[in-house]
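Source file: work_11.cif; contents: mmCIF, C-alpha atoms.
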data_my_file
loop_
_atom_site.label_atom_id
_atom_site.label_comp_id
_atom_site.auth_asym_id
_atom_site.auth_seq_id
_atom_site.Cartn_x
_atom_site.Cartn_y
_atom_site.Cartn_z
CA MET A 145 112.13 77.96 52.63
CA ALA A 146 109.48 78.65 55.29
CA HIS A 147 108.71 82.14 56.50
CA PRO A 148 110.43 82.94 59.83
CA PHE A 149 107.03 83.54 61.44
CA ALA A 150 106.05 79.93 60.70
CA ASP A 151 108.80 78.66 62.99
CA LEU A 152 107.73 81.03 65.76
CA LEU A 153 104.08 80.04 65.46
CA ARG A 154 104.96 76.38 65.98
CA ASP A 155 105.94 77.29 69.55
CA ARG A 156 102.80 76.62 71.61
CA ARG A 157 103.14 79.71 73.83
CA ILE A 158 103.86 82.09 70.97
CA GLY A 159 101.11 80.57 68.81
CA ALA A 160 98.53 80.82 71.58
CA LEU A 161 99.38 84.43 72.39
CA TRP A 162 99.49 85.31 68.70
CA GLY A 163 96.09 83.71 68.09
CA GLY A 164 94.53 85.65 70.93
CA LEU A 165 96.20 88.85 69.77
CA ALA A 166 95.04 88.40 66.17
CA PHE A 167 91.44 87.68 67.21
CA SER A 168 91.36 90.52 69.74
CA ALA A 169 93.02 93.09 67.48
CA PHE A 170 90.65 92.29 64.61
CA GLY A 171 87.66 92.62 66.93
CA ASN A 172 88.99 95.89 68.34
CA GLU A 173 89.23 97.37 64.86
CA LEU A 174 85.72 96.22 63.94
CA GLY A 175 84.50 97.77 67.18
CA ARG A 176 86.19 101.06 66.41
CA ILE A 177 84.50 101.23 63.01
CA ALA A 178 81.12 100.30 64.51
CA MET A 179 81.47 103.03 67.16
CA VAL A 180 82.18 105.66 64.51
CA TRP A 181 79.23 104.50 62.40
CA LEU A 182 76.93 104.62 65.41
CA ALA A 183 78.23 108.08 66.33
CA ILE A 184 77.62 109.31 62.78
CA GLY A 185 74.05 108.04 63.06
CA VAL A 186 73.56 109.92 66.33
CA VAL A 187 75.33 113.25 65.74
CA GLY A 188 76.37 113.31 62.08
CA ALA A 189 79.58 115.14 61.22
CA ASP A 190 80.38 115.83 64.87
CA ALA A 191 81.20 112.12 65.18
CA GLY A 192 84.79 113.10 64.35
CA PHE A 193 85.19 113.99 68.01
CA LEU A 194 84.99 110.30 68.92
CA PRO A 195 88.30 109.18 67.30
CA MET A 196 89.89 112.41 68.50
CA ALA A 197 88.93 111.56 72.07
CA GLN A 198 90.21 107.99 71.64
CA ASN A 199 93.59 109.16 70.37
CA ALA A 200 93.92 111.77 73.10
CA VAL A 201 93.28 109.13 75.76
CA VAL A 202 95.81 106.77 74.18
CA LEU A 203 98.41 109.54 74.25
CA ILE A 204 97.76 110.43 77.88
CA VAL A 205 97.53 106.87 79.20
CA SER A 206 100.56 105.74 77.19
CA LEU A 207 102.75 108.17 79.10
CA GLY A 208 102.39 106.07 82.26
CA ALA A 209 101.35 102.69 80.87
CA GLY A 210 104.91 101.39 80.67
CA LEU A 211 105.46 101.99 84.36
CA VAL A 212 102.28 100.16 85.24
CA SER A 213 102.97 97.21 82.96
CA HIS A 214 106.43 96.63 84.39
CA ARG A 215 105.03 96.35 87.91
CA LEU A 216 102.29 93.88 87.03
CA SER A 217 102.27 90.42 85.51
CA PRO A 218 102.02 90.86 81.72
CA ARG A 219 99.78 87.81 81.43
CA LEU A 220 97.37 88.95 84.14
CA THR A 221 97.39 92.49 82.78
CA MET A 222 96.51 91.34 79.26
CA ILE A 223 93.75 89.02 80.51
CA GLY A 224 92.36 91.70 82.82
CA VAL A 225 92.41 94.33 80.10
CA ASP A 226 90.62 92.02 77.66
CA MET A 227 87.98 91.11 80.25
CA ALA A 228 87.41 94.77 81.14
CA SER A 229 87.26 95.64 77.43
CA ALA A 230 84.54 93.06 76.88
CA VAL A 231 82.43 94.59 79.65
CA ILE A 232 82.98 98.14 78.41
CA ALA A 233 82.20 97.17 74.81
CA VAL A 234 78.79 95.92 75.94
CA ALA A 235 78.07 99.02 78.05
CA PRO A 236 76.78 101.25 75.20
CA VAL A 237 74.37 98.49 74.19
CA VAL A 238 72.99 98.31 77.73
CA VAL A 239 72.78 102.10 77.95
CA ALA A 240 71.02 102.23 74.57
CA LEU A 241 68.47 99.64 75.68
CA ILE A 242 67.68 101.55 78.88
CA TRP A 243 68.00 105.24 77.94
CA GLY A 244 68.58 105.24 74.19
CA LEU A 245 71.79 105.58 72.25
CA THR A 246 73.67 108.77 73.06
CA PHE A 247 76.84 110.21 71.64
CA TRP A 248 78.32 110.64 75.10
CA SER A 249 77.83 106.98 76.01
CA LEU A 250 79.72 106.09 72.84
CA VAL A 251 82.50 108.58 73.63
CA ALA A 252 82.83 107.34 77.21
CA SER A 253 83.01 103.71 76.08
CA ALA A 254 85.47 104.53 73.28
CA MET A 255 87.71 106.45 75.67
CA CYS A 256 87.72 103.62 78.21
CA LEU A 257 88.52 101.08 75.49
CA ALA A 258 91.32 103.31 74.20
CA ALA A 259 92.80 103.62 77.69
CA LEU A 260 92.71 99.86 78.14
CA SER A 261 94.35 99.39 74.76
CA ALA A 262 97.14 101.72 75.85
CA LEU A 263 97.67 99.49 78.90
CA PHE A 264 97.55 96.28 76.86
CA GLN A 265 100.35 97.09 74.41
CA PRO A 266 103.18 97.55 76.95
CA ALA A 267 102.06 94.39 78.75
CA LEU A 268 102.14 92.49 75.46
CA TYR A 269 105.62 93.66 74.57
CA SER A 270 106.95 93.10 78.08
CA SER A 271 105.85 89.47 77.76
CA VAL A 272 108.05 88.93 74.69
CA PRO A 273 111.27 88.06 76.57
CA HIS A 274 109.37 85.46 78.59
CA ILE A 275 107.83 83.69 75.63
CA ALA A 276 110.60 84.17 73.05
CA GLY A 277 112.87 81.84 74.99
CA THR A 278 116.11 83.13 73.50
CA PRO A 279 117.37 86.64 72.74
CA GLU A 280 117.71 85.66 69.08
CA ARG A 281 113.96 85.06 68.78
CA MET A 282 112.90 88.31 70.50
CA GLN A 283 113.17 90.40 67.34
CA GLY A 284 111.08 87.91 65.38
CA VAL A 285 108.38 87.71 68.07
CA ASN A 286 108.23 91.51 68.28
CA ALA A 287 107.92 91.71 64.50
CA LEU A 288 105.20 89.03 64.45
CA PHE A 289 103.13 90.82 67.09
CA ASP A 290 103.63 94.23 65.51
CA ALA A 291 102.71 92.91 62.04
CA THR A 292 99.59 91.30 63.49
CA THR A 293 98.45 94.53 65.11
CA ARG A 294 99.11 96.51 61.94
CA MET A 295 97.39 93.91 59.77
CA SER A 296 94.29 94.10 61.96
CA ARG A 297 94.18 97.87 61.37
CA LEU A 298 93.89 97.06 57.67
CA LEU A 299 91.66 93.98 57.78
CA GLY A 300 89.21 95.24 60.43
CA PRO A 301 87.93 98.20 58.41
CA PHE A 302 88.17 96.16 55.19
CA ALA A 303 85.93 93.47 56.67
CA ALA A 304 83.53 96.00 58.22
CA GLY A 305 81.98 96.87 54.85
CA PRO A 306 80.84 93.37 53.88
CA LEU A 307 79.88 92.60 57.48
CA SER A 308 77.68 95.69 57.63
CA ALA A 309 75.58 94.29 54.80
CA VAL A 310 74.93 91.15 56.83
CA VAL A 311 74.51 92.58 60.33
#
Give the structure from the file, written as C-alpha cells.
Amino acid sequence: MAHPFADLLRDRRIGALWGGLAFSAFGNELGRIAMVWLAIGVVGADAGFLPMAQNAVVLIVSLGAGLVSHRLSPRLTMIGVDMASAVIAVAPVVVALIWGLTFWSLVASAMCLAALSALFQPALYSSVPHIAGTPERMQGVNALFDATTRMSRLLGPFAAGPLSAVV
C-alpha cells in the first residue's frame, strides 16, 4: 500500500508547491546555520543574540501575518516573499564586500528573513483549500506541508556540516 503522501504528490499543483516548499525550506535552514556561523566568527559567544532576534521578529510579525495573508493572494504572497528573501539573503554579502562583515548587518538580514518567513507560512496554509481540491484531502496536504517544513529543520543543519567542509 502506498503512503498517502504519494497520492497527493501525484497531483501536479500539490507536487509543484511541495517541491518549491521543500527546496526553499531546506535552503532557509542552511541559511540560518550559515548566519549563526558567520556571527560566531564576528562576535563569538554574543552570536546567540542573532537567533533570539529572529525568534522575536517571528513572534511579533506572526501576530498580524494571518490578517495580511487573508487579504492577499496566497500565490503572489509566497512568490513575493521568496523573491524578497533572495534579495535580503544576498544583502550581507554585498555589505561585507563593501564595508566588511558586521554583526549588525547579519542581524538585520536575519530579522528581515524571519519576518518574511512569518508572512510566508500563513499564505502557504491559506492556499491549501485551493490546491487540495476536496475537504477530505485538506488534512493530508496540511500534514504533507507541515512534515516538509519540520523535516527541513532536521535536514538543513544535518547537511550543513558536510557542506561546510566543501564550501
For Leu299 in chain A, which of A:Ile177, A:Ala267, A:Ala150, A:Ala197 is the closest residue, counting only C-alpha atoms?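 Of all the options, A:Ile177 lies closest to Leu299 in chain A.
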Translate the PyMOL selection byres ((chain A and resi 212) around 12) into a concrete residue list for this structure, as a CSV table (one decimal) with C-alpha atoms, in the coordinates of the input.
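Written output follows (expr03.csv):
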chain,number,residue,atom,x,y,z
A,205,VAL,CA,97.5,106.9,79.2
A,206,SER,CA,100.6,105.7,77.2
A,207,LEU,CA,102.8,108.2,79.1
A,208,GLY,CA,102.4,106.1,82.3
A,209,ALA,CA,101.4,102.7,80.9
A,210,GLY,CA,104.9,101.4,80.7
A,211,LEU,CA,105.5,102.0,84.4
A,213,SER,CA,103.0,97.2,83.0
A,214,HIS,CA,106.4,96.6,84.4
A,215,ARG,CA,105.0,96.4,87.9
A,216,LEU,CA,102.3,93.9,87.0
A,217,SER,CA,102.3,90.4,85.5
A,218,PRO,CA,102.0,90.9,81.7
A,221,THR,CA,97.4,92.5,82.8
A,260,LEU,CA,92.7,99.9,78.1
A,262,ALA,CA,97.1,101.7,75.8
A,263,LEU,CA,97.7,99.5,78.9
A,264,PHE,CA,97.6,96.3,76.9
A,265,GLN,CA,100.4,97.1,74.4
A,266,PRO,CA,103.2,97.6,77.0
A,267,ALA,CA,102.1,94.4,78.8
A,270,SER,CA,107.0,93.1,78.1
The PyMOL selection byres ((chain A and resi 202) around 8) - which residues does that actually catch in the file I just gave you? List them as JSON, numbers by chain. {"A": [198, 199, 200, 201, 203, 204, 205, 206, 258, 259, 261, 262]}
All residues 12 Å or closer to range 230-237 of chain A, only C-alpha atoms, same chain fewer than 4 positions away omitted, as an mmCIF file with C-alpha atoms, keeping the file's coordinate frame:
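around10.cif written:
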data_model
loop_
_atom_site.group_PDB
_atom_site.id
_atom_site.type_symbol
_atom_site.label_atom_id
_atom_site.label_comp_id
_atom_site.auth_asym_id
_atom_site.auth_seq_id
_atom_site.Cartn_x
_atom_site.Cartn_y
_atom_site.Cartn_z
ATOM 1 C CA SER A 168 91.360 90.520 69.740
ATOM 2 C CA GLY A 171 87.660 92.620 66.930
ATOM 3 C CA ASN A 172 88.990 95.890 68.340
ATOM 4 C CA LEU A 174 85.720 96.220 63.940
ATOM 5 C CA GLY A 175 84.500 97.770 67.180
ATOM 6 C CA ARG A 176 86.190 101.060 66.410
ATOM 7 C CA ALA A 178 81.120 100.300 64.510
ATOM 8 C CA MET A 179 81.470 103.030 67.160
ATOM 9 C CA LEU A 182 76.930 104.620 65.410
ATOM 10 C CA ALA A 183 78.230 108.080 66.330
ATOM 11 C CA ILE A 223 93.750 89.020 80.510
ATOM 12 C CA GLY A 224 92.360 91.700 82.820
ATOM 13 C CA VAL A 225 92.410 94.330 80.100
ATOM 14 C CA ASP A 226 90.620 92.020 77.660
ATOM 15 C CA LEU A 241 68.470 99.640 75.680
ATOM 16 C CA ILE A 242 67.680 101.550 78.880
ATOM 17 C CA TRP A 243 68.000 105.240 77.940
ATOM 18 C CA GLY A 244 68.580 105.240 74.190
ATOM 19 C CA LEU A 245 71.790 105.580 72.250
ATOM 20 C CA THR A 246 73.670 108.770 73.060
ATOM 21 C CA PHE A 247 76.840 110.210 71.640
ATOM 22 C CA TRP A 248 78.320 110.640 75.100
ATOM 23 C CA SER A 249 77.830 106.980 76.010
ATOM 24 C CA LEU A 250 79.720 106.090 72.840
ATOM 25 C CA VAL A 251 82.500 108.580 73.630
ATOM 26 C CA ALA A 252 82.830 107.340 77.210
ATOM 27 C CA SER A 253 83.010 103.710 76.080
ATOM 28 C CA ALA A 254 85.470 104.530 73.280
ATOM 29 C CA MET A 255 87.710 106.450 75.670
ATOM 30 C CA CYS A 256 87.720 103.620 78.210
ATOM 31 C CA LEU A 257 88.520 101.080 75.490
ATOM 32 C CA ALA A 258 91.320 103.310 74.200
ATOM 33 C CA ALA A 259 92.800 103.620 77.690
ATOM 34 C CA LEU A 260 92.710 99.860 78.140
ATOM 35 C CA SER A 261 94.350 99.390 74.760
#
Find the residues near Gly284 in chain A: any atom within 10 Å, counting only C-alpha atoms, skip ones fewer than 3 places away on the same chain, and give them as a ChimeraX atom specification. /A:148-149,151-152,272,276,279-281,287-290
Please measure the separation of CA of Pro273 in chain A and CA of Ala169 in chain A, giving the value in Å to one decimal.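 Between CA of Pro273 in chain A and CA of Ala169 in chain A the gap works out to 21.0 Å.
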CA of Arg297 in chain A and CA of Gln283 in chain A, how far apart in Å?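 So the answer is 21.3 Å.
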With distances taken over only C-alpha atoms, which of A:Val310, A:Val285, A:Ala304, A:Leu268 is nearest to Arg219 in chain A?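 Smallest separation from Arg219 in chain A among the options: A:Leu268.
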Can you work out the spacing between CA of Phe167 in chain A and CA of Pro301 in chain A in Å, to one decimal?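 The value is 14.2 Å.
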Write out as lines of an AutoDock Vina configuration file an axis-aligned box for range 299-302 of chain A: all of its atoms listed in the file, 5 Å added on each side, centre and edge lengths in Å with one decimal.
center_x = 89.8
center_y = 96.1
center_z = 57.8
size_x = 13.7
size_y = 14.2
size_z = 15.2
Need the shell around Gly300 in chain A: protein/DNA/RNA residues with any atom at most 6 Å away, counting all atoms listed in the file. Skip same-chain ones fewer than 4 positions apart. Format as a compact mmCIF listing (two decimals) with C-alpha atoms, in the frame of the given file?
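Contents of the output file around_28.txt:
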# COMPACT_ATOMS: atom_id res chain seq x y z
CA PHE A 170 90.65 92.29 64.61
CA GLU A 173 89.23 97.37 64.86
CA LEU A 174 85.72 96.22 63.94
CA SER A 296 94.29 94.10 61.96
